[in-house]
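Note: the block below is data_30.pdb and it holds PDB, C-alpha atoms.
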```
ATOM      1  CA  MET A   1     -29.013  -2.974   7.836
ATOM      2  CA  LEU A   2     -27.105  -4.933   5.224
ATOM      3  CA  HIS A   3     -23.871  -6.676   6.041
ATOM      4  CA  ILE A   4     -21.473  -6.376   3.144
ATOM      5  CA  PHE A   5     -18.336  -8.456   2.697
ATOM      6  CA  CYS A   6     -15.393  -6.240   1.782
ATOM      7  CA  PRO A   7     -13.037  -8.310  -0.390
ATOM      8  CA  HIS A   8     -10.064  -6.191   0.731
ATOM      9  CA  CYS A   9     -10.721  -6.168   4.482
ATOM     10  CA  GLY A  10     -11.852  -9.792   4.253
ATOM     11  CA  GLU A  11     -14.806  -9.501   6.597
ATOM     12  CA  LEU A  12     -18.416  -8.432   6.828
ATOM     13  CA  ARG A  13     -19.007  -4.780   7.621
ATOM     14  CA  SER A  14     -22.157  -2.811   8.208
ATOM     15  CA  GLU A  15     -23.763  -1.000   5.329
ATOM     16  CA  GLU A  16     -23.114   2.449   6.794
ATOM     17  CA  GLU A  17     -19.383   2.044   6.105
ATOM     18  CA  PHE A  18     -20.054   1.803   2.368
ATOM     19  CA  HIS A  19     -21.151   4.024  -0.429
ATOM     20  CA  ALA A  20     -22.810   2.767  -3.596
ATOM     21  CA  SER A  21     -21.308   4.180  -6.767
ATOM     22  CA  GLY A  22     -23.559   2.906  -9.516
ATOM     23  CA  GLN A  23     -23.241   0.331 -12.242
ATOM     24  CA  ALA A  24     -20.020  -1.672 -12.563
ATOM     25  CA  HIS A  25     -18.069  -2.912 -15.583
ATOM     26  CA  ILE A  26     -18.436   0.245 -17.643
ATOM     27  CA  ALA A  27     -15.409   0.405 -19.887
ATOM     28  CA  ARG A  28     -14.168   3.874 -20.754
ATOM     29  CA  PRO A  29     -13.674   4.240 -24.511
ATOM     30  CA  LEU A  30      -9.964   3.926 -25.257
ATOM     31  CA  ASP A  31     -10.039   6.881 -27.616
ATOM     32  CA  PRO A  32     -12.689   9.366 -26.467
ATOM     33  CA  ASN A  33     -11.917  11.692 -29.378
ATOM     34  CA  SER A  34     -13.038   9.126 -31.908
ATOM     35  CA  CYS A  35     -16.403   8.600 -30.223
ATOM     36  CA  THR A  36     -19.552  10.016 -31.711
ATOM     37  CA  ASP A  37     -21.609  12.232 -29.418
ATOM     38  CA  GLU A  38     -24.047   9.397 -29.033
ATOM     39  CA  GLU A  39     -21.383   6.868 -28.043
ATOM     40  CA  TRP A  40     -19.854   9.251 -25.535
ATOM     41  CA  GLY A  41     -23.244  10.250 -24.167
ATOM     42  CA  THR A  42     -24.170   6.616 -23.724
ATOM     43  CA  TYR A  43     -20.913   5.942 -21.903
ATOM     44  CA  MET A  44     -21.287   9.005 -19.698
ATOM     45  CA  PHE A  45     -24.927   9.091 -18.776
ATOM     46  CA  PHE A  46     -26.865   5.974 -19.666
ATOM     47  CA  ARG A  47     -27.095   3.192 -17.099
ATOM     48  CA  ASP A  48     -29.038  -0.029 -16.837
ATOM     49  CA  ASN A  49     -32.034   0.020 -14.568
ATOM     50  CA  LEU A  50     -32.421  -3.672 -14.035
ATOM     51  CA  ARG A  51     -34.907  -5.716 -12.155
ATOM     52  CA  GLY A  52     -32.990  -8.637 -10.746
ATOM     53  CA  ILE A  53     -29.267  -9.366 -10.856
ATOM     54  CA  HIS A  54     -27.221  -6.193 -11.067
ATOM     55  CA  HIS A  55     -23.458  -5.649 -10.905
ATOM     56  CA  GLU A  56     -22.576  -2.546  -8.960
ATOM     57  CA  LEU A  57     -19.582  -0.565  -7.855
ATOM     58  CA  TRP A  58     -19.307   0.063  -4.126
ATOM     59  CA  ASP A  59     -16.746   1.993  -2.110
ATOM     60  CA  HIS A  60     -15.670   1.029   1.402
ATOM     61  CA  VAL A  61     -15.376   4.684   2.383
ATOM     62  CA  ALA A  62     -15.059   4.300   6.141
ATOM     63  CA  GLY A  63     -12.726   1.317   5.988
ATOM     64  CA  CYS A  64     -10.036   0.570   3.439
ATOM     65  CA  ARG A  65     -11.352   3.235   1.033
ATOM     66  CA  GLN A  66     -11.240   0.825  -1.906
ATOM     67  CA  TYR A  67     -13.729   0.324  -4.690
ATOM     68  CA  PHE A  68     -14.986  -3.173  -5.364
ATOM     69  CA  ASN A  69     -17.844  -4.860  -7.204
ATOM     70  CA  VAL A  70     -21.068  -6.226  -5.810
ATOM     71  CA  THR A  71     -23.614  -8.503  -7.453
ATOM     72  CA  ARG A  72     -26.960  -7.557  -5.996
ATOM     73  CA  ASN A  73     -30.523  -8.542  -6.629
ATOM     74  CA  THR A  74     -32.430  -5.282  -7.023
ATOM     75  CA  GLU A  75     -35.715  -6.983  -6.203
ATOM     76  CA  THR A  76     -34.724  -8.548  -2.898
ATOM     77  CA  TYR A  77     -31.693  -6.405  -1.975
ATOM     78  CA  GLU A  78     -29.804  -9.659  -1.525
ATOM     79  CA  ILE A  79     -26.082  -9.344  -2.103
ATOM     80  CA  LEU A  80     -24.961 -12.473  -3.926
ATOM     81  CA  GLU A  81     -21.218 -11.845  -4.064
ATOM     82  CA  THR A  82     -18.541  -9.183  -3.808
ATOM     83  CA  TYR A  83     -15.352  -9.241  -5.827
ATOM     84  CA  LYS A  84     -12.374  -7.041  -6.543
ATOM     85  CA  ILE A  85     -12.031  -4.667  -9.466
ATOM     86  CA  GLY A  86     -10.665  -6.508 -12.458
ATOM     87  CA  GLU A  87     -12.309  -9.796 -11.531
ATOM     88  CA  GLN A  88     -15.380 -11.181 -13.221
ATOM     89  CA  PRO A  89     -18.639 -11.985 -11.431
ATOM     90  CA  LYS A  90     -19.496 -15.615 -10.706
ATOM     91  CA  VAL A  91     -23.208 -14.912 -10.536
ATOM     92  CA  THR A  92     -24.747 -13.549 -13.707
ATOM     93  CA  ALA A  93     -28.295 -13.282 -14.932
ATOM     94  CA  ARG A  94     -29.295 -14.775 -18.263
ATOM     95  CA  GLU A  95     -30.472 -11.386 -19.537
ATOM     96  CA  ASN A  96     -27.030  -9.989 -18.803
ATOM     97  CA  THR A  97     -25.277 -12.251 -21.265
ATOM     98  CA  PRO A  98     -24.771 -10.493 -24.598
ATOM     99  CA  ALA A  99     -27.279 -11.500 -27.227
ATOM    100  CA  THR A 100     -24.462 -12.182 -29.633
ATOM    101  CA  SER A 101     -22.843 -14.822 -27.422
ATOM    102  CA  ALA A 102     -22.595 -18.341 -28.788
ATOM    103  CA  ALA A 103     -24.611 -19.768 -25.904
ATOM    104  CA  VAL A 104     -27.622 -17.587 -26.628
ATOM    105  CA  ASN A 105     -27.497 -18.255 -30.359
ATOM    106  CA  GLU A 106     -27.302 -21.950 -29.743
ATOM    107  CA  ARG A 107     -30.243 -21.857 -27.375
ATOM    108  CA  GLY A 108     -32.174 -19.748 -29.883
ATOM    109  CA  GLU A 109     -31.702 -22.359 -32.596
ATOM    110  CA  ASN A 110     -32.828 -25.175 -30.371
ATOM    111  CA  VAL A 111     -35.960 -23.525 -29.091
TER     112      VAL A 111
ATOM    113  CA  MET B   1      11.700   9.169 -11.474
ATOM    114  CA  SER B   2      11.270  12.710 -10.326
ATOM    115  CA  ALA B   3      13.390  14.250  -7.615
ATOM    116  CA  ILE B   4      11.681  14.105  -4.245
ATOM    117  CA  ASN B   5      12.192  16.828  -1.712
ATOM    118  CA  VAL B   6      12.290  15.369   1.779
ATOM    119  CA  PHE B   7      12.517  18.040   4.402
ATOM    120  CA  GLU B   8      11.946  18.747   8.066
ATOM    121  CA  GLN B   9       8.384  19.953   8.471
ATOM    122  CA  ASN B  10       8.594  20.692  12.167
ATOM    123  CA  PRO B  11       9.461  24.288  13.003
ATOM    124  CA  SER B  12      12.918  24.829  14.414
ATOM    125  CA  GLY B  13      13.761  26.896  17.449
ATOM    126  CA  ASN B  14      11.186  27.741  20.054
ATOM    127  CA  ALA B  15       8.100  27.906  17.877
ATOM    128  CA  ARG B  16       5.048  27.098  19.975
ATOM    129  CA  ALA B  17       3.234  23.958  18.943
ATOM    130  CA  GLU B  18      -0.379  23.293  19.881
ATOM    131  CA  SER B  19      -1.858  19.837  19.849
ATOM    132  CA  PRO B  20      -5.359  19.284  18.419
ATOM    133  CA  LEU B  21      -6.756  19.227  21.984
ATOM    134  CA  HIS B  22      -4.745  22.184  23.201
ATOM    135  CA  HIS B  23      -7.914  24.139  23.887
ATOM    136  CA  ALA B  24      -9.244  21.403  26.191
ATOM    137  CA  ASP B  25      -6.273  21.939  28.522
ATOM    138  CA  LEU B  26      -6.081  18.253  29.450
ATOM    139  CA  ARG B  27      -3.145  18.915  31.753
ATOM    140  CA  SER B  28      -5.398  20.820  34.131
ATOM    141  CA  LEU B  29      -7.811  17.873  34.277
ATOM    142  CA  VAL B  30      -5.273  15.311  35.433
ATOM    143  CA  GLY B  31      -6.330  13.794  38.739
ATOM    144  CA  LYS B  32      -9.728  15.520  38.666
ATOM    145  CA  GLY B  33     -11.759  12.513  37.525
ATOM    146  CA  ARG B  34     -13.384   9.800  39.610
ATOM    147  CA  GLN B  35     -11.121   7.435  41.545
ATOM    148  CA  ASN B  36     -10.724   4.061  39.804
ATOM    149  CA  ALA B  37     -12.192   5.485  36.627
ATOM    150  CA  GLY B  38     -13.374   2.946  34.075
ATOM    151  CA  VAL B  39     -11.792   4.855  31.225
ATOM    152  CA  THR B  40      -8.487   6.693  31.102
ATOM    153  CA  LEU B  41      -7.854   9.019  28.180
ATOM    154  CA  ARG B  42      -4.467  10.144  26.984
ATOM    155  CA  GLU B  43      -3.686  12.337  24.022
ATOM    156  CA  HIS B  44      -0.537  11.234  22.228
ATOM    157  CA  LYS B  45       0.647  14.571  20.955
ATOM    158  CA  PHE B  46       3.051  15.516  18.208
ATOM    159  CA  LEU B  47       3.752  12.035  16.887
ATOM    160  CA  GLY B  48       5.003  11.554  13.362
ATOM    161  CA  HIS B  49       2.294  10.092  11.130
ATOM    162  CA  LEU B  50       3.466   8.894   7.726
ATOM    163  CA  THR B  51       1.276   7.433   5.024
ATOM    164  CA  LEU B  52       3.105   4.737   3.119
ATOM    165  CA  ARG B  53       1.815   3.441  -0.176
ATOM    166  CA  GLY B  54       3.165   0.702  -2.382
ATOM    167  CA  ASP B  55       2.383  -2.661  -3.871
ATOM    168  CA  GLY B  56       1.720  -5.055  -1.009
ATOM    169  CA  HIS B  57       2.102  -8.054  -3.311
ATOM    170  CA  ASP B  58       5.595  -7.006  -4.347
ATOM    171  CA  GLU B  59       8.220  -8.945  -2.385
ATOM    172  CA  ALA B  60      10.749  -6.193  -2.995
ATOM    173  CA  PHE B  61       8.491  -3.615  -1.383
ATOM    174  CA  ALA B  62       7.807  -5.783   1.668
ATOM    175  CA  SER B  63      11.493  -6.483   2.184
ATOM    176  CA  ALA B  64      12.372  -2.799   1.708
ATOM    177  CA  VAL B  65       9.916  -1.869   4.467
ATOM    178  CA  GLN B  66      11.304  -4.625   6.651
ATOM    179  CA  LYS B  67      14.825  -3.379   6.042
ATOM    180  CA  ALA B  68      14.006   0.262   6.742
ATOM    181  CA  LEU B  69      11.768  -0.191   9.767
ATOM    182  CA  GLY B  70      12.549  -3.626  11.156
ATOM    183  CA  LEU B  71       8.819  -4.293  10.992
ATOM    184  CA  GLU B  72       7.070  -6.832   8.852
ATOM    185  CA  LEU B  73       4.567  -5.333   6.443
ATOM    186  CA  PRO B  74       1.211  -6.113   8.095
ATOM    187  CA  GLY B  75      -1.615  -7.818   6.215
ATOM    188  CA  ALA B  76      -5.292  -6.878   6.202
ATOM    189  CA  LEU B  77      -6.494  -5.232   9.443
ATOM    190  CA  GLN B  78      -3.194  -5.912  11.175
ATOM    191  CA  LEU B  79      -1.134  -3.625  13.359
ATOM    192  CA  VAL B  80       2.505  -4.335  14.176
ATOM    193  CA  SER B  81       4.693  -2.327  16.472
ATOM    194  CA  SER B  82       8.129  -2.176  17.939
ATOM    195  CA  GLY B  83       8.778   0.245  20.770
ATOM    196  CA  ASP B  84       7.161   3.559  19.913
ATOM    197  CA  THR B  85       6.950   2.796  16.204
ATOM    198  CA  SER B  86       3.861   1.185  14.755
ATOM    199  CA  LEU B  87       2.846   0.162  11.265
ATOM    200  CA  GLN B  88      -0.790  -0.382  10.419
ATOM    201  CA  TRP B  89      -2.570  -1.775   7.382
ATOM    202  CA  VAL B  90      -5.016   0.826   6.069
ATOM    203  CA  GLY B  91      -5.815  -0.611   2.651
ATOM    204  CA  PRO B  92      -4.383  -3.139   0.204
ATOM    205  CA  ASP B  93      -1.792  -0.611  -0.961
ATOM    206  CA  GLU B  94      -1.676   1.750   1.997
ATOM    207  CA  TRP B  95      -0.169   1.697   5.484
ATOM    208  CA  LEU B  96       0.028   4.150   8.351
ATOM    209  CA  LEU B  97       3.380   4.478  10.060
ATOM    210  CA  ILE B  98       3.510   6.251  13.410
ATOM    211  CA  VAL B  99       6.900   7.208  14.798
ATOM    212  CA  PRO B 100       7.953   9.342  17.761
ATOM    213  CA  GLY B 101       7.811  13.050  16.962
ATOM    214  CA  GLY B 102      10.975  14.367  15.361
ATOM    215  CA  GLN B 103      11.906  11.115  13.607
ATOM    216  CA  GLU B 104       9.712  11.703  10.548
ATOM    217  CA  VAL B 105      12.414  12.896   8.173
ATOM    218  CA  GLU B 106      14.931  10.266   9.167
ATOM    219  CA  VAL B 107      12.408   7.446   8.803
ATOM    220  CA  GLU B 108      11.085   8.778   5.510
ATOM    221  CA  GLN B 109      14.607   8.986   4.134
ATOM    222  CA  LYS B 110      15.331   5.446   5.293
ATOM    223  CA  LEU B 111      12.192   4.181   3.580
ATOM    224  CA  ARG B 112      13.016   6.011   0.360
ATOM    225  CA  ASP B 113      16.567   4.696   0.360
ATOM    226  CA  ALA B 114      15.462   1.125   0.999
ATOM    227  CA  ALA B 115      12.726   1.274  -1.635
ATOM    228  CA  ALA B 116      14.754   3.142  -4.234
ATOM    229  CA  GLY B 117      13.462   2.383  -7.720
ATOM    230  CA  LEU B 118      10.122   1.050  -6.517
ATOM    231  CA  HIS B 119       6.803   2.759  -7.151
ATOM    232  CA  ILE B 120       6.017   4.044  -3.659
ATOM    233  CA  GLN B 121       4.731   7.080  -1.865
ATOM    234  CA  VAL B 122       5.557   8.414   1.582
ATOM    235  CA  VAL B 123       3.634  11.416   2.860
ATOM    236  CA  ASN B 124       3.975  13.122   6.201
ATOM    237  CA  VAL B 125       0.416  13.578   7.468
ATOM    238  CA  SER B 126       1.322  14.397  11.070
ATOM    239  CA  GLY B 127      -0.441  17.730  10.945
ATOM    240  CA  GLY B 128      -3.724  16.215   9.839
ATOM    241  CA  GLN B 129      -4.344  13.550  12.407
ATOM    242  CA  SER B 130      -3.769  12.584  15.983
ATOM    243  CA  LEU B 131      -3.836   9.635  18.322
ATOM    244  CA  LEU B 132      -5.988   9.181  21.422
ATOM    245  CA  GLU B 133      -5.355   6.312  23.795
ATOM    246  CA  LEU B 134      -8.194   4.849  25.846
ATOM    247  CA  ARG B 135      -7.350   2.482  28.643
ATOM    248  CA  GLY B 136      -9.404   0.756  31.297
ATOM    249  CA  PRO B 137     -11.988  -1.938  31.983
ATOM    250  CA  ASN B 138     -14.893   0.001  30.449
ATOM    251  CA  VAL B 139     -13.318   1.157  27.207
ATOM    252  CA  ARG B 140     -15.065  -1.636  25.339
ATOM    253  CA  GLN B 141     -18.452  -0.384  26.572
ATOM    254  CA  VAL B 142     -17.592   3.101  25.351
ATOM    255  CA  LEU B 143     -16.666   1.705  21.941
ATOM    256  CA  MET B 144     -19.835  -0.386  21.810
ATOM    257  CA  LYS B 145     -21.888   2.757  22.302
ATOM    258  CA  SER B 146     -20.053   4.541  19.543
ATOM    259  CA  THR B 147     -19.564   2.141  16.673
ATOM    260  CA  SER B 148     -21.491  -0.561  14.865
ATOM    261  CA  TYR B 149     -18.288  -2.556  14.483
ATOM    262  CA  ASP B 150     -18.019  -5.659  16.668
ATOM    263  CA  VAL B 151     -15.395  -4.938  19.335
ATOM    264  CA  HIS B 152     -15.839  -8.233  21.194
ATOM    265  CA  PRO B 153     -12.446  -9.884  21.858
ATOM    266  CA  ASN B 154     -13.451 -12.782  19.575
ATOM    267  CA  ASN B 155     -13.655 -10.389  16.672
ATOM    268  CA  PHE B 156     -11.188  -7.753  17.802
ATOM    269  CA  PRO B 157      -8.001  -9.313  19.166
ATOM    270  CA  VAL B 158      -4.996  -7.300  20.264
ATOM    271  CA  GLY B 159      -3.064  -6.165  17.197
ATOM    272  CA  LYS B 160      -6.103  -5.496  15.031
ATOM    273  CA  ALA B 161      -6.864  -2.121  13.520
ATOM    274  CA  VAL B 162      -9.998  -1.154  11.587
ATOM    275  CA  GLY B 163     -11.265   1.969   9.953
ATOM    276  CA  THR B 164     -14.931   2.297  10.690
ATOM    277  CA  VAL B 165     -17.866   4.523  11.481
ATOM    278  CA  PHE B 166     -17.708   6.002  14.960
ATOM    279  CA  ALA B 167     -20.424   8.220  16.427
ATOM    280  CA  LYS B 168     -21.403  10.450  13.515
ATOM    281  CA  SER B 169     -18.014  10.405  11.837
ATOM    282  CA  GLN B 170     -15.216   7.989  10.975
ATOM    283  CA  LEU B 171     -11.937   7.005  12.550
ATOM    284  CA  VAL B 172      -9.517   4.126  12.993
ATOM    285  CA  ILE B 173      -9.787   1.880  16.057
ATOM    286  CA  ARG B 174      -6.646  -0.001  17.092
ATOM    287  CA  ARG B 175      -6.365  -2.476  19.920
ATOM    288  CA  THR B 176      -2.889  -2.370  21.396
ATOM    289  CA  GLY B 177      -3.472  -4.236  24.649
ATOM    290  CA  GLU B 178      -6.073  -6.232  26.561
ATOM    291  CA  GLU B 179      -7.610  -3.046  27.900
ATOM    292  CA  THR B 180      -5.829  -0.515  25.745
ATOM    293  CA  TRP B 181      -7.273   0.917  22.570
ATOM    294  CA  GLU B 182      -6.163   3.723  20.305
ATOM    295  CA  LEU B 183      -8.194   6.005  18.092
ATOM    296  CA  VAL B 184      -6.566   7.589  15.061
ATOM    297  CA  ILE B 185      -8.571  10.759  14.542
ATOM    298  CA  ARG B 186      -8.693  13.631  12.098
ATOM    299  CA  ARG B 187      -7.316  16.783  13.635
ATOM    300  CA  SER B 188     -10.340  18.852  12.704
ATOM    301  CA  PHE B 189     -12.604  16.358  14.479
ATOM    302  CA  SER B 190     -10.608  16.254  17.701
ATOM    303  CA  ASP B 191     -12.975  18.520  19.616
ATOM    304  CA  TYR B 192     -15.944  16.437  18.509
ATOM    305  CA  TRP B 193     -14.246  13.243  19.729
ATOM    306  CA  TRP B 194     -13.242  14.892  22.970
ATOM    307  CA  LEU B 195     -16.852  15.909  23.673
ATOM    308  CA  TRP B 196     -18.196  12.553  22.514
ATOM    309  CA  LEU B 197     -15.774  10.539  24.641
ATOM    310  CA  GLN B 198     -16.463  12.642  27.726
ATOM    311  CA  ASP B 199     -20.167  11.997  27.322
ATOM    312  CA  ALA B 200     -19.844   8.309  26.448
ATOM    313  CA  SER B 201     -17.508   7.516  29.325
ATOM    314  CA  ALA B 202     -19.197   9.698  31.955
ATOM    315  CA  GLU B 203     -21.086   6.781  33.513
ATOM    316  CA  TYR B 204     -17.890   4.764  33.985
ATOM    317  CA  GLY B 205     -15.778   7.671  35.173
ATOM    318  CA  LEU B 206     -13.207   9.335  32.957
ATOM    319  CA  ALA B 207      -9.678  10.036  34.086
ATOM    320  CA  ILE B 208      -7.214  12.098  32.080
ATOM    321  CA  GLU B 209      -3.524  11.514  31.681
ATOM    322  CA  ALA B 210      -1.261  14.076  30.134
TER     323      ALA B 210
END
```
Encoding of this model in structure tokens:
Amino acid sequence: MLHIFCPHCGELRSEEEFHASGQAHIARPLDPNSCTDEEWGTYMFFRDNLRGIHHELWDHVAGCRQYFNVTRNTETYEILETYKIGEQPKVTARENTPATSAAVNERGENV
Amino acid sequence: MSAINVFEQNPSGNARAESPLHHADLRSLVGKGRQNAGVTLREHKFLGHLTLRGDGHDEAFASAVQKALGLELPGALQLVSSGDTSLQWVGPDEWLLIVPGGQEVEVEQKLRDAAAGLHIQVVNVSGGQSLLELRGPNVRQVLMKSTSYDVHPNNFPVGKAVGTVFAKSQLVIRRTGEETWELVIRRSFSDYWWLWLQDASAEYGLAIEA
């Protein structure tokens, strides 16, 4: 049984009070009508299936009934942090950083 | 802002009201249990349950609630009460207000007047839920059998209220006194809780108050 820290209730609760709701940080396109079918399909149906650090949406259904984010290691089931919607994760995996970010480009040049 | 219709939802005249545990006929069970029972159950019937929603971080909202109810807006997992009125934190933007039956409209109107212009919601949910009070030295044992939540006094002081998993369903546990606990239950689950609590408290003796 996992113990999960609910950032709204402010304490650890047992796993059975929660419901996992899939990948977090999926931004809805601001103008769905201007999306191509592929863009919309990707937004709707396609999710990462990571091995390692994963950011997920969880719902404290039996408690405060609020959604919040969880950073979880899919290999070990370890929950590394929980944080409220709208906040950014403190723990991120290297493969999660966008390839276009300055840090990755810099590292690429050095290696 | 749209016009809000606040009206008396209780029937007038001599309409017969039945509590969620009407069928259990608790009145006939008073005095039938074991002497010095470890658990005493009481159904608090026909109370006014109001769901209050608003921005808990907004000073104006907190002071409006304070002005209307005379109760401070409780923080996470807190329960405050004054007389027969209690206000409980349910979520970061949601509270449960329980008032004596018949006061729902008056209290709702007071809240709306005090919070005029703010983005709030008040909904009368009295028909959908009910309150059971458990009292006695063995109530904690009954709770320990029923929920995975830690009900030890270190973790569950008087004045705390948590929504959690209980038996095979969910409810809200509130601790209102050293040996007094309240369960906020869904009306449609009341028979399940009644059967569950009878079974769970059988070994300690269950007395009924009505």
Q) Expanded to explicit residues, what is the ChimeraX specification (/A :<8) & /B for this file, as a PyMOL selection string? A) chain B and resi 76-77+90-92+148-149+162-165+170-171
Can you spit out the residues from that selection as a PDB file, in the coordinates of the input, using C-alpha atoms?
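The result, stored in result22.pdb:
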```pdb
ATOM      1  CA  ALA B  76      -5.292  -6.878   6.202  1.00  0.00           C
ATOM      2  CA  LEU B  77      -6.494  -5.232   9.443  1.00  0.00           C
ATOM      3  CA  VAL B  90      -5.016   0.826   6.069  1.00  0.00           C
ATOM      4  CA  GLY B  91      -5.815  -0.611   2.651  1.00  0.00           C
ATOM      5  CA  PRO B  92      -4.383  -3.139   0.204  1.00  0.00           C
ATOM      6  CA  SER B 148     -21.491  -0.561  14.865  1.00  0.00           C
ATOM      7  CA  TYR B 149     -18.288  -2.556  14.483  1.00  0.00           C
ATOM      8  CA  VAL B 162      -9.998  -1.154  11.587  1.00  0.00           C
ATOM      9  CA  GLY B 163     -11.265   1.969   9.953  1.00  0.00           C
ATOM     10  CA  THR B 164     -14.931   2.297  10.690  1.00  0.00           C
ATOM     11  CA  VAL B 165     -17.866   4.523  11.481  1.00  0.00           C
ATOM     12  CA  GLN B 170     -15.216   7.989  10.975  1.00  0.00           C
ATOM     13  CA  LEU B 171     -11.937   7.005  12.550  1.00  0.00           C
TER      14      LEU B 171
END
```
Q.
Please expand the PyMOL selection byres ((chain B and resi 127) around 9) into the concrete residues it hits in this file, giving the result as a PyMOL selection string.
A. chain B and resi 46+48-49+124-126+128-130+187
Selected residues, C-alpha atoms, written as a PDB file, in the frame of the given file, please.
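Result file is selection.pdb:
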```
ATOM      1  CA  PHE B  46       3.051  15.516  18.208  1.00  0.00           C
ATOM      2  CA  GLY B  48       5.003  11.554  13.362  1.00  0.00           C
ATOM      3  CA  HIS B  49       2.294  10.092  11.130  1.00  0.00           C
ATOM      4  CA  ASN B 124       3.975  13.122   6.201  1.00  0.00           C
ATOM      5  CA  VAL B 125       0.416  13.578   7.468  1.00  0.00           C
ATOM      6  CA  SER B 126       1.322  14.397  11.070  1.00  0.00           C
ATOM      7  CA  GLY B 128      -3.724  16.215   9.839  1.00  0.00           C
ATOM      8  CA  GLN B 129      -4.344  13.550  12.407  1.00  0.00           C
ATOM      9  CA  SER B 130      -3.769  12.584  15.983  1.00  0.00           C
ATOM     10  CA  ARG B 187      -7.316  16.783  13.635  1.00  0.00           C
TER      11      ARG B 187
END
```
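Checking B:Asp58, B:Glu72, B:His44, B:Leu183 one by one against B:Leu21, counting only C-alpha atoms, you find the shortest gap at B:His44.
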**Q.** Residue neighbourhood A:Ala20, 12 Å, all atoms listed in the file, exclusion window fewer than 5 positions, as a list in words
**A.**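 Within the cut-off, the hits are Ile4, Glu15, His55, Glu56, Leu57, Trp58, Asp59, His60, Val61, Gln66, Tyr67, Phe68, Asn69, Val70, Thr71 and Arg72 of chain A.
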Next, dump the selected residues to file, keeping only C-alpha atoms, as a PDB file, keeping the file's coordinate frame.
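What ended up in result33.pdb:
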```pdb
ATOM      1  CA  ILE A   4     -21.473  -6.376   3.144  1.00  0.00           C
ATOM      2  CA  GLU A  15     -23.763  -1.000   5.329  1.00  0.00           C
ATOM      3  CA  HIS A  55     -23.458  -5.649 -10.905  1.00  0.00           C
ATOM      4  CA  GLU A  56     -22.576  -2.546  -8.960  1.00  0.00           C
ATOM      5  CA  LEU A  57     -19.582  -0.565  -7.855  1.00  0.00           C
ATOM      6  CA  TRP A  58     -19.307   0.063  -4.126  1.00  0.00           C
ATOM      7  CA  ASP A  59     -16.746   1.993  -2.110  1.00  0.00           C
ATOM      8  CA  HIS A  60     -15.670   1.029   1.402  1.00  0.00           C
ATOM      9  CA  VAL A  61     -15.376   4.684   2.383  1.00  0.00           C
ATOM     10  CA  GLN A  66     -11.240   0.825  -1.906  1.00  0.00           C
ATOM     11  CA  TYR A  67     -13.729   0.324  -4.690  1.00  0.00           C
ATOM     12  CA  PHE A  68     -14.986  -3.173  -5.364  1.00  0.00           C
ATOM     13  CA  ASN A  69     -17.844  -4.860  -7.204  1.00  0.00           C
ATOM     14  CA  VAL A  70     -21.068  -6.226  -5.810  1.00  0.00           C
ATOM     15  CA  THR A  71     -23.614  -8.503  -7.453  1.00  0.00           C
ATOM     16  CA  ARG A  72     -26.960  -7.557  -5.996  1.00  0.00           C
TER      17      ARG A  72
END
```
Q: Rounded to one decimal place, report the atom CA of B:Asp191-atom CA of B:Tyr204 distance in Å.
A: 20.5 Å
Q | Explicit residue set for the PyMOL selection byres ((chain B and resi 75) around 9), as a list of chain:residue names | A | B:Gly56, B:Leu73, B:Pro74, B:Ala76, B:Leu77, B:Gln78, B:Leu79, B:Gln88, B:Trp89, B:Pro92
(Q) Applying 12 Å and all atoms listed in the file, which residues near A:Glu75 remain after dropping the ones on its own chain fewer than 6 positions away? List them as a ChimeraX atom specification. (A) /A:49-54
(Q) Just the number, please: distance in Å from atom CA of B:Lys168 to atom CA of B:Glu94, one decimal. (A) 24.4 Å
**Q.** Residue contacts of B:Ser146 (8 Å, only C-alpha atoms) excluding same-chain residues fewer than 5 positions away, as a PyMOL selection string
**A.** chain B and resi 166-167+200
Export C-alpha atoms of the chosen residues as a PDB file, in the frame of the given file?
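Saved result, part.pdb, follows:
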```pdb
ATOM      1  CA  PHE B 166     -17.708   6.002  14.960  1.00  0.00           C
ATOM      2  CA  ALA B 167     -20.424   8.220  16.427  1.00  0.00           C
ATOM      3  CA  ALA B 200     -19.844   8.309  26.448  1.00  0.00           C
TER       4      ALA B 200
END
```
Q: Name all residues at most 12 Å from B:Arg175 (count only C-alpha atoms; drop same-chain ones fewer than 2 positions away) and give them as a ChimeraX atom specification.
A: /B:77-81,88,132-135,139-140,143,151-153,155-163,172-173,177-184
Q. Between B:Gln35, B:Val122, B:Arg27, B:Gly54, which is the closest to B:Val105 once you count all atoms listed in the file?
A.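 Closest residue, counting all atoms listed in the file: B:Val122.
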Q: Select all residues near (-2.2, 20.4, 28.9) (cut-off 12 Å, inclusive, file coordinates), counting all atoms listed in the file, and output them as a list in words.
A: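 Output: Ala17, Glu18, Ser19, Pro20, Leu21, His22, His23, Ala24, Asp25, Leu26, Arg27, Ser28, Leu29, Val30, Arg42, Glu43, His44, Lys45, Ile208, Glu209 and Ala210 of chain B.
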Q.
Considering all atoms listed in the file, can you say which of B:Lys32, B:Lys145, B:Trp194, B:Lys110 comes closest to B:Gln66?
A.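 Closest residue, counting all atoms listed in the file: B:Lys110.
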Q. What is the distance, in Å and to one decimal place, between atom CA of B:Ala64 and atom CA of B:Leu111?
A.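 Separation of atom CA of B:Ala64 and atom CA of B:Leu111: 7.2 Å.
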**Q.** 12 Å contact set for A:Pro29, all atoms listed in the file, chain neighbours under 6 positions out, as a PyMOL selection string
**A.** chain A and resi 35-36+39-44
(Q) Under the rule that all atoms listed in the file are counted, which of B:Ile4, B:Leu41, B:Leu195, B:Ala15 is the nearest residue to B:Ala207? (A)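 Of all the options, B:Leu41 lies closest to B:Ala207.
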Q: Starting from the point (10.7, 7.9, 6.7), work out which residues of protein, DNA or RNA have an atom no more than 10 Å away when counting all atoms listed in the file; state them as a VMD selection string.
A: chain B and resid 6 48 to 52 68 to 69 97 to 99 103 to 113 122 to 124
